[in-house]
>>> print(open('final-v6.txt').read())   # compact mmCIF, N, CA and C atoms
# COMPACT_ATOMS: atom_id res chain seq x y z
N MET A 29 0.82 -1.19 0.00
CA MET A 29 0.00 0.00 0.00
C MET A 29 0.86 1.26 0.00
N ALA A 30 1.99 1.17 0.65
CA ALA A 30 2.87 2.34 0.75
C ALA A 30 3.32 2.81 -0.63
N LEU A 31 3.58 1.89 -1.55
CA LEU A 31 3.99 2.29 -2.90
C LEU A 31 2.88 3.00 -3.65
N VAL A 32 1.65 2.57 -3.45
CA VAL A 32 0.52 3.23 -4.09
C VAL A 32 0.39 4.66 -3.56
N VAL A 33 0.44 4.79 -2.25
CA VAL A 33 0.30 6.11 -1.63
C VAL A 33 1.45 7.03 -2.06
N SER A 34 2.67 6.55 -1.94
CA SER A 34 3.82 7.43 -2.25
C SER A 34 3.85 7.80 -3.74
N SER A 35 3.50 6.87 -4.60
CA SER A 35 3.51 7.19 -6.03
C SER A 35 2.39 8.16 -6.39
N TRP A 36 1.23 8.01 -5.75
CA TRP A 36 0.13 8.94 -6.02
C TRP A 36 0.47 10.34 -5.50
N ARG A 37 1.18 10.43 -4.40
CA ARG A 37 1.61 11.74 -3.88
C ARG A 37 2.50 12.45 -4.90
N LYS A 38 3.32 11.68 -5.61
CA LYS A 38 4.17 12.28 -6.65
C LYS A 38 3.33 12.81 -7.80
N VAL A 39 2.29 12.09 -8.15
CA VAL A 39 1.37 12.57 -9.18
C VAL A 39 0.71 13.86 -8.71
N GLN A 40 0.28 13.88 -7.46
CA GLN A 40 -0.38 15.07 -6.91
C GLN A 40 0.54 16.28 -6.84
N ASP A 41 1.83 16.06 -6.84
CA ASP A 41 2.79 17.17 -6.79
C ASP A 41 2.86 17.95 -8.10
N VAL A 42 2.32 17.38 -9.17
CA VAL A 42 2.34 18.05 -10.48
C VAL A 42 1.25 19.12 -10.48
N ASP A 43 1.63 20.33 -10.90
CA ASP A 43 0.63 21.41 -11.01
C ASP A 43 -0.49 20.96 -11.94
N ASN A 44 -1.72 21.24 -11.54
CA ASN A 44 -2.87 20.95 -12.38
C ASN A 44 -3.00 19.44 -12.67
N TYR A 45 -2.57 18.61 -11.73
CA TYR A 45 -2.50 17.17 -11.97
C TYR A 45 -3.84 16.54 -12.33
N ARG A 46 -4.94 17.06 -11.80
CA ARG A 46 -6.23 16.45 -12.12
C ARG A 46 -6.55 16.58 -13.61
N ASP A 47 -6.28 17.75 -14.16
CA ASP A 47 -6.52 17.96 -15.60
C ASP A 47 -5.57 17.12 -16.43
N ILE A 48 -4.30 17.12 -16.06
CA ILE A 48 -3.29 16.40 -16.84
C ILE A 48 -3.52 14.89 -16.77
N ALA A 49 -3.67 14.37 -15.56
CA ALA A 49 -3.89 12.92 -15.41
C ALA A 49 -5.21 12.51 -16.07
N GLY A 50 -6.24 13.34 -15.92
CA GLY A 50 -7.52 13.03 -16.53
C GLY A 50 -7.43 12.95 -18.04
N GLU A 51 -6.71 13.89 -18.64
CA GLU A 51 -6.55 13.86 -20.09
C GLU A 51 -5.77 12.63 -20.54
N ILE A 52 -4.68 12.32 -19.87
CA ILE A 52 -3.89 11.14 -20.24
C ILE A 52 -4.76 9.89 -20.11
N LEU A 53 -5.49 9.78 -19.02
CA LEU A 53 -6.33 8.62 -18.77
C LEU A 53 -7.37 8.44 -19.88
N PHE A 54 -8.11 9.50 -20.17
CA PHE A 54 -9.19 9.37 -21.15
C PHE A 54 -8.67 9.25 -22.58
N ARG A 55 -7.56 9.88 -22.89
CA ARG A 55 -6.98 9.67 -24.23
C ARG A 55 -6.66 8.19 -24.42
N LYS A 56 -6.11 7.58 -23.37
CA LYS A 56 -5.75 6.16 -23.47
C LYS A 56 -7.00 5.29 -23.54
N ILE A 57 -8.01 5.59 -22.76
CA ILE A 57 -9.27 4.83 -22.83
C ILE A 57 -9.81 4.88 -24.24
N PHE A 58 -9.88 6.07 -24.83
CA PHE A 58 -10.45 6.22 -26.18
C PHE A 58 -9.54 5.63 -27.24
N ASP A 59 -8.25 5.57 -26.96
CA ASP A 59 -7.31 4.91 -27.88
C ASP A 59 -7.53 3.40 -27.87
N ILE A 60 -7.67 2.83 -26.69
CA ILE A 60 -7.88 1.39 -26.55
C ILE A 60 -9.26 0.99 -27.07
N ALA A 61 -10.26 1.78 -26.71
CA ALA A 61 -11.65 1.42 -27.02
C ALA A 61 -12.39 2.65 -27.55
N PRO A 62 -12.24 2.96 -28.83
CA PRO A 62 -12.92 4.14 -29.39
C PRO A 62 -14.43 4.14 -29.16
N SER A 63 -15.02 2.97 -29.06
CA SER A 63 -16.47 2.90 -28.84
C SER A 63 -16.86 3.44 -27.46
N ALA A 64 -15.89 3.57 -26.55
CA ALA A 64 -16.18 4.11 -25.22
C ALA A 64 -16.63 5.57 -25.29
N GLU A 65 -16.31 6.25 -26.38
CA GLU A 65 -16.75 7.64 -26.54
C GLU A 65 -18.26 7.75 -26.36
N GLY A 66 -18.99 6.73 -26.79
CA GLY A 66 -20.44 6.76 -26.71
C GLY A 66 -21.00 6.72 -25.30
N LEU A 67 -20.17 6.38 -24.33
CA LEU A 67 -20.62 6.33 -22.93
C LEU A 67 -20.64 7.71 -22.28
N PHE A 68 -20.06 8.68 -22.95
CA PHE A 68 -19.91 10.00 -22.37
C PHE A 68 -20.69 11.04 -23.18
N LYS A 69 -20.93 12.17 -22.56
CA LYS A 69 -21.70 13.23 -23.20
C LYS A 69 -20.80 14.32 -23.77
N PHE A 70 -19.61 13.92 -24.21
CA PHE A 70 -18.67 14.88 -24.76
C PHE A 70 -18.91 15.13 -26.24
N GLY A 71 -19.76 14.31 -26.87
CA GLY A 71 -19.90 14.37 -28.32
C GLY A 71 -18.74 13.63 -28.96
N GLU A 72 -18.50 13.92 -30.22
CA GLU A 72 -17.36 13.30 -30.90
C GLU A 72 -16.08 13.80 -30.24
N VAL A 73 -15.21 12.89 -29.88
CA VAL A 73 -13.99 13.26 -29.17
C VAL A 73 -12.91 13.70 -30.16
N THR A 74 -12.47 14.94 -29.98
CA THR A 74 -11.37 15.52 -30.76
C THR A 74 -10.39 16.13 -29.76
N ASP A 75 -9.31 16.71 -30.25
CA ASP A 75 -8.36 17.37 -29.36
C ASP A 75 -9.04 18.48 -28.56
N ASP A 76 -10.03 19.12 -29.16
CA ASP A 76 -10.74 20.20 -28.45
C ASP A 76 -11.56 19.68 -27.27
N THR A 77 -11.96 18.42 -27.33
CA THR A 77 -12.75 17.83 -26.24
C THR A 77 -12.04 17.99 -24.91
N TYR A 78 -10.73 17.81 -24.92
CA TYR A 78 -9.95 17.80 -23.69
C TYR A 78 -9.81 19.18 -23.06
N LYS A 79 -10.30 20.20 -23.75
CA LYS A 79 -10.29 21.57 -23.22
C LYS A 79 -11.68 22.02 -22.77
N GLN A 80 -12.70 21.22 -23.11
CA GLN A 80 -14.08 21.58 -22.79
C GLN A 80 -14.36 21.41 -21.29
N GLU A 81 -15.14 22.30 -20.75
CA GLU A 81 -15.45 22.25 -19.31
C GLU A 81 -16.17 20.95 -18.94
N THR A 82 -17.03 20.46 -19.83
CA THR A 82 -17.74 19.20 -19.56
C THR A 82 -16.75 18.06 -19.35
N PHE A 83 -15.76 17.99 -20.25
CA PHE A 83 -14.74 16.96 -20.11
C PHE A 83 -13.91 17.18 -18.85
N LEU A 84 -13.44 18.41 -18.66
CA LEU A 84 -12.56 18.70 -17.52
C LEU A 84 -13.26 18.40 -16.19
N THR A 85 -14.53 18.73 -16.11
CA THR A 85 -15.28 18.45 -14.88
C THR A 85 -15.31 16.94 -14.61
N HIS A 86 -15.59 16.17 -15.66
CA HIS A 86 -15.64 14.71 -15.48
C HIS A 86 -14.25 14.16 -15.13
N ALA A 87 -13.25 14.58 -15.87
CA ALA A 87 -11.89 14.08 -15.64
C ALA A 87 -11.41 14.41 -14.23
N ARG A 88 -11.68 15.65 -13.79
CA ARG A 88 -11.29 16.03 -12.43
C ARG A 88 -12.01 15.18 -11.39
N GLY A 89 -13.26 14.86 -11.66
CA GLY A 89 -14.01 14.01 -10.75
C GLY A 89 -13.44 12.62 -10.64
N VAL A 90 -13.03 12.07 -11.77
CA VAL A 90 -12.43 10.73 -11.77
C VAL A 90 -11.12 10.74 -10.99
N VAL A 91 -10.28 11.72 -11.26
CA VAL A 91 -8.99 11.80 -10.57
C VAL A 91 -9.21 12.09 -9.08
N SER A 92 -10.20 12.89 -8.75
CA SER A 92 -10.52 13.14 -7.34
C SER A 92 -10.97 11.87 -6.64
N THR A 93 -11.63 11.00 -7.37
CA THR A 93 -12.03 9.71 -6.80
C THR A 93 -10.80 8.87 -6.46
N VAL A 94 -9.79 8.94 -7.31
CA VAL A 94 -8.53 8.25 -7.00
C VAL A 94 -7.89 8.87 -5.77
N ASP A 95 -7.94 10.21 -5.67
CA ASP A 95 -7.43 10.88 -4.47
C ASP A 95 -8.07 10.31 -3.20
N ILE A 96 -9.38 10.21 -3.23
CA ILE A 96 -10.13 9.72 -2.07
C ILE A 96 -9.79 8.27 -1.77
N ALA A 97 -9.72 7.46 -2.82
CA ALA A 97 -9.40 6.04 -2.62
C ALA A 97 -8.02 5.88 -1.99
N VAL A 98 -7.05 6.63 -2.48
CA VAL A 98 -5.69 6.54 -1.93
C VAL A 98 -5.68 7.02 -0.48
N GLU A 99 -6.41 8.09 -0.21
CA GLU A 99 -6.50 8.60 1.17
C GLU A 99 -7.09 7.55 2.11
N LEU A 100 -8.14 6.89 1.67
CA LEU A 100 -8.76 5.85 2.51
C LEU A 100 -7.84 4.65 2.68
N LEU A 101 -7.11 4.30 1.63
CA LEU A 101 -6.13 3.22 1.75
C LEU A 101 -5.02 3.58 2.73
N GLU A 102 -4.59 4.83 2.65
CA GLU A 102 -3.53 5.28 3.56
C GLU A 102 -3.99 5.22 5.01
N ARG A 103 -5.25 5.54 5.25
CA ARG A 103 -5.81 5.49 6.60
C ARG A 103 -6.26 4.08 6.98
N ASN A 104 -6.10 3.15 6.06
CA ASN A 104 -6.52 1.76 6.26
C ASN A 104 -8.02 1.67 6.57
N ASP A 105 -8.79 2.54 5.94
CA ASP A 105 -10.25 2.58 6.12
C ASP A 105 -10.92 1.85 4.96
N THR A 106 -10.67 0.55 4.91
CA THR A 106 -11.19 -0.22 3.79
C THR A 106 -12.71 -0.36 3.83
N ASP A 107 -13.31 -0.34 5.01
CA ASP A 107 -14.77 -0.44 5.08
C ASP A 107 -15.43 0.74 4.34
N THR A 108 -14.97 1.93 4.60
CA THR A 108 -15.52 3.11 3.91
C THR A 108 -15.23 3.03 2.42
N LEU A 109 -14.03 2.61 2.06
CA LEU A 109 -13.67 2.50 0.65
C LEU A 109 -14.54 1.47 -0.06
N ILE A 110 -14.75 0.32 0.54
CA ILE A 110 -15.57 -0.71 -0.08
C ILE A 110 -17.00 -0.21 -0.29
N THR A 111 -17.56 0.45 0.70
CA THR A 111 -18.91 1.01 0.56
C THR A 111 -18.96 2.01 -0.59
N ALA A 112 -17.97 2.89 -0.64
CA ALA A 112 -17.92 3.90 -1.70
C ALA A 112 -17.78 3.26 -3.08
N LEU A 113 -16.95 2.24 -3.18
CA LEU A 113 -16.75 1.56 -4.46
C LEU A 113 -18.00 0.82 -4.91
N ARG A 114 -18.67 0.17 -3.98
CA ARG A 114 -19.91 -0.54 -4.33
C ARG A 114 -20.97 0.47 -4.80
N ASP A 115 -21.08 1.59 -4.12
CA ASP A 115 -22.02 2.64 -4.54
C ASP A 115 -21.64 3.19 -5.92
N LEU A 116 -20.36 3.39 -6.14
CA LEU A 116 -19.90 3.90 -7.42
C LEU A 116 -20.19 2.89 -8.54
N GLY A 117 -20.00 1.62 -8.25
CA GLY A 117 -20.32 0.58 -9.23
C GLY A 117 -21.80 0.60 -9.59
N ALA A 118 -22.67 0.69 -8.57
CA ALA A 118 -24.11 0.74 -8.82
C ALA A 118 -24.46 1.95 -9.67
N LYS A 119 -23.85 3.09 -9.38
CA LYS A 119 -24.11 4.32 -10.13
C LYS A 119 -23.70 4.15 -11.60
N HIS A 120 -22.60 3.44 -11.84
CA HIS A 120 -22.10 3.28 -13.20
C HIS A 120 -22.98 2.36 -14.05
N VAL A 121 -23.79 1.54 -13.42
CA VAL A 121 -24.74 0.72 -14.19
C VAL A 121 -25.66 1.65 -14.98
N THR A 122 -26.06 2.74 -14.37
CA THR A 122 -26.99 3.68 -15.03
C THR A 122 -26.32 4.41 -16.19
N TYR A 123 -24.99 4.35 -16.27
CA TYR A 123 -24.26 4.96 -17.38
C TYR A 123 -23.94 3.93 -18.47
N ASP A 124 -24.48 2.73 -18.31
CA ASP A 124 -24.28 1.63 -19.27
C ASP A 124 -22.86 1.08 -19.26
N VAL A 125 -22.17 1.24 -18.14
CA VAL A 125 -20.84 0.64 -17.99
C VAL A 125 -21.01 -0.86 -17.83
N LYS A 126 -20.14 -1.61 -18.50
CA LYS A 126 -20.17 -3.08 -18.49
C LYS A 126 -18.90 -3.61 -17.82
N TYR A 127 -18.96 -4.86 -17.41
CA TYR A 127 -17.80 -5.49 -16.76
C TYR A 127 -16.57 -5.44 -17.65
N GLU A 128 -16.76 -5.57 -18.95
CA GLU A 128 -15.61 -5.60 -19.86
C GLU A 128 -14.92 -4.25 -19.99
N HIS A 129 -15.51 -3.20 -19.46
CA HIS A 129 -14.86 -1.88 -19.49
C HIS A 129 -13.75 -1.76 -18.44
N PHE A 130 -13.83 -2.55 -17.39
CA PHE A 130 -12.87 -2.40 -16.29
C PHE A 130 -11.42 -2.67 -16.69
N PRO A 131 -11.13 -3.71 -17.47
CA PRO A 131 -9.72 -3.90 -17.88
C PRO A 131 -9.19 -2.74 -18.73
N ILE A 132 -10.06 -2.12 -19.51
CA ILE A 132 -9.65 -0.99 -20.34
C ILE A 132 -9.23 0.18 -19.44
N VAL A 133 -10.06 0.48 -18.46
CA VAL A 133 -9.75 1.57 -17.54
C VAL A 133 -8.50 1.24 -16.73
N GLY A 134 -8.35 -0.02 -16.34
CA GLY A 134 -7.15 -0.43 -15.60
C GLY A 134 -5.89 -0.21 -16.42
N GLU A 135 -5.94 -0.61 -17.68
CA GLU A 135 -4.78 -0.40 -18.56
C GLU A 135 -4.49 1.10 -18.72
N ALA A 136 -5.55 1.89 -18.87
CA ALA A 136 -5.38 3.34 -19.02
C ALA A 136 -4.82 3.97 -17.74
N LEU A 137 -5.25 3.47 -16.59
CA LEU A 137 -4.73 3.99 -15.32
C LEU A 137 -3.24 3.70 -15.20
N LEU A 138 -2.83 2.48 -15.50
CA LEU A 138 -1.41 2.14 -15.44
C LEU A 138 -0.60 2.98 -16.42
N HIS A 139 -1.15 3.21 -17.60
CA HIS A 139 -0.48 4.07 -18.59
C HIS A 139 -0.32 5.49 -18.05
N THR A 140 -1.37 5.99 -17.42
CA THR A 140 -1.33 7.34 -16.85
C THR A 140 -0.25 7.44 -15.79
N LEU A 141 -0.19 6.46 -14.92
CA LEU A 141 0.84 6.45 -13.88
C LEU A 141 2.23 6.36 -14.48
N GLU A 142 2.38 5.54 -15.50
CA GLU A 142 3.68 5.41 -16.16
C GLU A 142 4.11 6.74 -16.77
N GLN A 143 3.18 7.43 -17.42
CA GLN A 143 3.49 8.73 -18.02
C GLN A 143 3.85 9.76 -16.93
N ALA A 144 3.12 9.74 -15.84
CA ALA A 144 3.32 10.73 -14.78
C ALA A 144 4.60 10.47 -13.98
N LEU A 145 4.91 9.21 -13.76
CA LEU A 145 6.03 8.87 -12.87
C LEU A 145 7.35 8.62 -13.60
N GLY A 146 7.28 8.36 -14.88
CA GLY A 146 8.50 8.09 -15.65
C GLY A 146 9.27 6.91 -15.08
N ASP A 147 10.56 7.12 -14.82
CA ASP A 147 11.42 6.04 -14.32
C ASP A 147 11.01 5.55 -12.94
N GLU A 148 10.23 6.35 -12.24
CA GLU A 148 9.78 5.92 -10.90
C GLU A 148 8.61 4.95 -10.97
N PHE A 149 8.11 4.70 -12.17
CA PHE A 149 7.06 3.70 -12.35
C PHE A 149 7.76 2.35 -12.53
N THR A 150 8.18 1.81 -11.41
CA THR A 150 8.95 0.56 -11.39
C THR A 150 8.01 -0.64 -11.48
N PRO A 151 8.56 -1.82 -11.72
CA PRO A 151 7.71 -3.02 -11.71
C PRO A 151 6.97 -3.19 -10.37
N GLU A 152 7.60 -2.80 -9.29
CA GLU A 152 6.96 -2.92 -7.97
C GLU A 152 5.76 -1.96 -7.85
N VAL A 153 5.93 -0.75 -8.38
CA VAL A 153 4.83 0.21 -8.35
C VAL A 153 3.69 -0.30 -9.23
N ARG A 154 4.03 -0.81 -10.41
CA ARG A 154 3.00 -1.38 -11.31
C ARG A 154 2.24 -2.50 -10.59
N GLU A 155 2.96 -3.36 -9.94
CA GLU A 155 2.34 -4.49 -9.24
C GLU A 155 1.41 -4.01 -8.12
N ALA A 156 1.86 -3.01 -7.38
CA ALA A 156 1.05 -2.48 -6.29
C ALA A 156 -0.24 -1.85 -6.82
N TRP A 157 -0.13 -1.06 -7.89
CA TRP A 157 -1.31 -0.42 -8.47
C TRP A 157 -2.23 -1.46 -9.12
N THR A 158 -1.66 -2.49 -9.71
CA THR A 158 -2.47 -3.55 -10.31
C THR A 158 -3.30 -4.23 -9.23
N ALA A 159 -2.70 -4.49 -8.09
CA ALA A 159 -3.43 -5.11 -6.97
C ALA A 159 -4.55 -4.19 -6.48
N VAL A 160 -4.26 -2.90 -6.36
CA VAL A 160 -5.28 -1.95 -5.92
C VAL A 160 -6.41 -1.86 -6.95
N TYR A 161 -6.05 -1.86 -8.23
CA TYR A 161 -7.10 -1.78 -9.24
C TYR A 161 -7.97 -3.04 -9.24
N HIS A 162 -7.39 -4.20 -8.97
CA HIS A 162 -8.20 -5.42 -8.84
C HIS A 162 -9.17 -5.29 -7.67
N PHE A 163 -8.72 -4.72 -6.58
CA PHE A 163 -9.56 -4.47 -5.41
C PHE A 163 -10.72 -3.54 -5.80
N ILE A 164 -10.39 -2.45 -6.49
CA ILE A 164 -11.41 -1.50 -6.94
C ILE A 164 -12.42 -2.19 -7.85
N THR A 165 -11.91 -2.93 -8.81
CA THR A 165 -12.78 -3.63 -9.76
C THR A 165 -13.71 -4.60 -9.06
N LYS A 166 -13.17 -5.37 -8.13
CA LYS A 166 -14.00 -6.35 -7.43
C LYS A 166 -15.17 -5.68 -6.73
N HIS A 167 -14.90 -4.61 -6.02
CA HIS A 167 -15.96 -3.99 -5.23
C HIS A 167 -16.91 -3.15 -6.09
N MET A 168 -16.41 -2.54 -7.15
CA MET A 168 -17.33 -1.83 -8.04
C MET A 168 -18.24 -2.82 -8.77
N THR A 169 -17.68 -3.93 -9.23
CA THR A 169 -18.53 -4.90 -9.94
C THR A 169 -19.50 -5.59 -8.98
N ASP A 170 -19.10 -5.76 -7.73
CA ASP A 170 -20.06 -6.27 -6.73
C ASP A 170 -21.23 -5.30 -6.60
N GLY A 171 -20.93 -4.00 -6.58
CA GLY A 171 -21.98 -2.99 -6.51
C GLY A 171 -22.87 -3.02 -7.74
N MET A 172 -22.28 -3.27 -8.91
CA MET A 172 -23.06 -3.38 -10.14
C MET A 172 -24.01 -4.57 -10.05
N LYS A 173 -23.47 -5.71 -9.60
CA LYS A 173 -24.30 -6.92 -9.47
C LYS A 173 -25.46 -6.70 -8.51
N ASP A 174 -25.16 -6.09 -7.37
CA ASP A 174 -26.21 -5.82 -6.39
C ASP A 174 -27.29 -4.92 -6.98
N PHE A 175 -26.89 -3.93 -7.73
CA PHE A 175 -27.85 -3.00 -8.34
C PHE A 175 -28.74 -3.72 -9.34
N LEU A 176 -28.17 -4.66 -10.06
CA LEU A 176 -28.92 -5.36 -11.11
C LEU A 176 -29.82 -6.46 -10.57
N GLU A 177 -29.62 -6.85 -9.34
CA GLU A 177 -30.46 -7.92 -8.76
C GLU A 177 -31.78 -7.42 -8.25
>>> encode(input="final-v6.txt", output="structure tokens")
Amino acid sequence: MALVVSSWRKVQDVDNYRDIAGEILFRKIFDIAPSAEGLFKFGEVTDDTYKQETFLTHARGVVSTVDIAVELLERNDTDTLITALRDLGAKHVTYDVKYEHFPIVGEALLHTLEQALGDEFTPEVREAWTAVYHFITKHMTDGMKDFLE
């Protein structure tokens, strides 16, 4: 957990990190899965999309969610984190998010961290973030399942 927290703190040290990380994340998502554009209300995604307030608001929200998750992990408050993730998963059902979208976002998150951290994105950091993302995926998809039942 310490590697996740310390590496995220380095990301947070970058000026305007929510905008920058959000853009890197979503560019990678749309690169991996162009059809994902249809899940969002940005319209056709172009370079201008990443400057639009609608996009920036969403991207900042996603990165802020990572902030909160890392903070809860640092405090070892997994009960609160699990509840939040399950609720977030249920909410994403209404956005037509599917289970198969999670690996795409996971790959995009790792790419974002690699871009942000450079040489400090070591195999150990990748492994730690991969474990955390599996934890996130498990509890969000549990929330999706509960919502659909």
>>> closest_residue(input="final-v6.txt", among="A:Phe68, A:Ala136, A:Ser34, A:Met172", to="A:Lys56", atoms="only N, CA and C atoms")
A:Ala136
>>> select_by_dssp(input="final-v6.txt", residues="stretch 44-164 of chain A", states="alpha helix (DSSP H)", output="ChimeraX atom specification")
/A:45-60,81-102,106-121,129-145,151-164
>>> residues_around(input="final-v6.txt", residues="A:Ile52", least_positions_apart="2", cutoff="8 Å", atoms="all atoms listed in the file", output="list in words")
Arg46, Asp47, Ile48, Ala49, Gly50, Phe54, Arg55, Lys56, Ile57, Phe58, Ala136, Leu137, His139, Thr140 and Leu141 of chain A
>>> residues_around(input="final-v6.txt", residues="stretch 111-122 of chain A", least_positions_apart="6", cutoff="7 Å", atoms="all atoms listed in the file", output="MDAnalysis selection string")
chainID A and resid 164 167:176
>>> closest_residue(input="final-v6.txt", among="A:Glu128, A:Ala156, A:Pro62, A:Glu81", to="A:Ala30", atoms="only N, CA and C atoms")
A:Ala156
>>> closest_residue(input="final-v6.txt", among="A:Asp59, A:Asp147, A:Glu102, A:Glu65", to="A:Val33", atoms="only N, CA and C atoms")
A:Glu102
>>> atom_distance(input="final-v6.txt", atom1="atom CA of A:Thr150", atom2="atom CA of A:Asp105")
26.1 Å
>>> atom_distance(input="final-v6.txt", atom1="atom N of A:Arg37", atom2="atom N of A:Asp95")
9.2 Å
>>> residues_near_point(input="final-v6.txt", point="(-12.0, 2.5, -13.9)", cutoff="9 Å", atoms="only C-alpha atoms", output="MDAnalysis selection string")
chainID A and resid 90 129:134 136:137 161 164:165
>>> residues_around(input="final-v6.txt", residues="A:Asn44", least_positions_apart="6", cutoff="12 Å", atoms="only C-alpha atoms", output="PyMOL selection string")
chain A and resi 50-51+84+87-88+91
>>> atom_distance(input="final-v6.txt", atom1="atom N of A:Leu53", atom2="atom C of A:Leu109")
22.6 Å
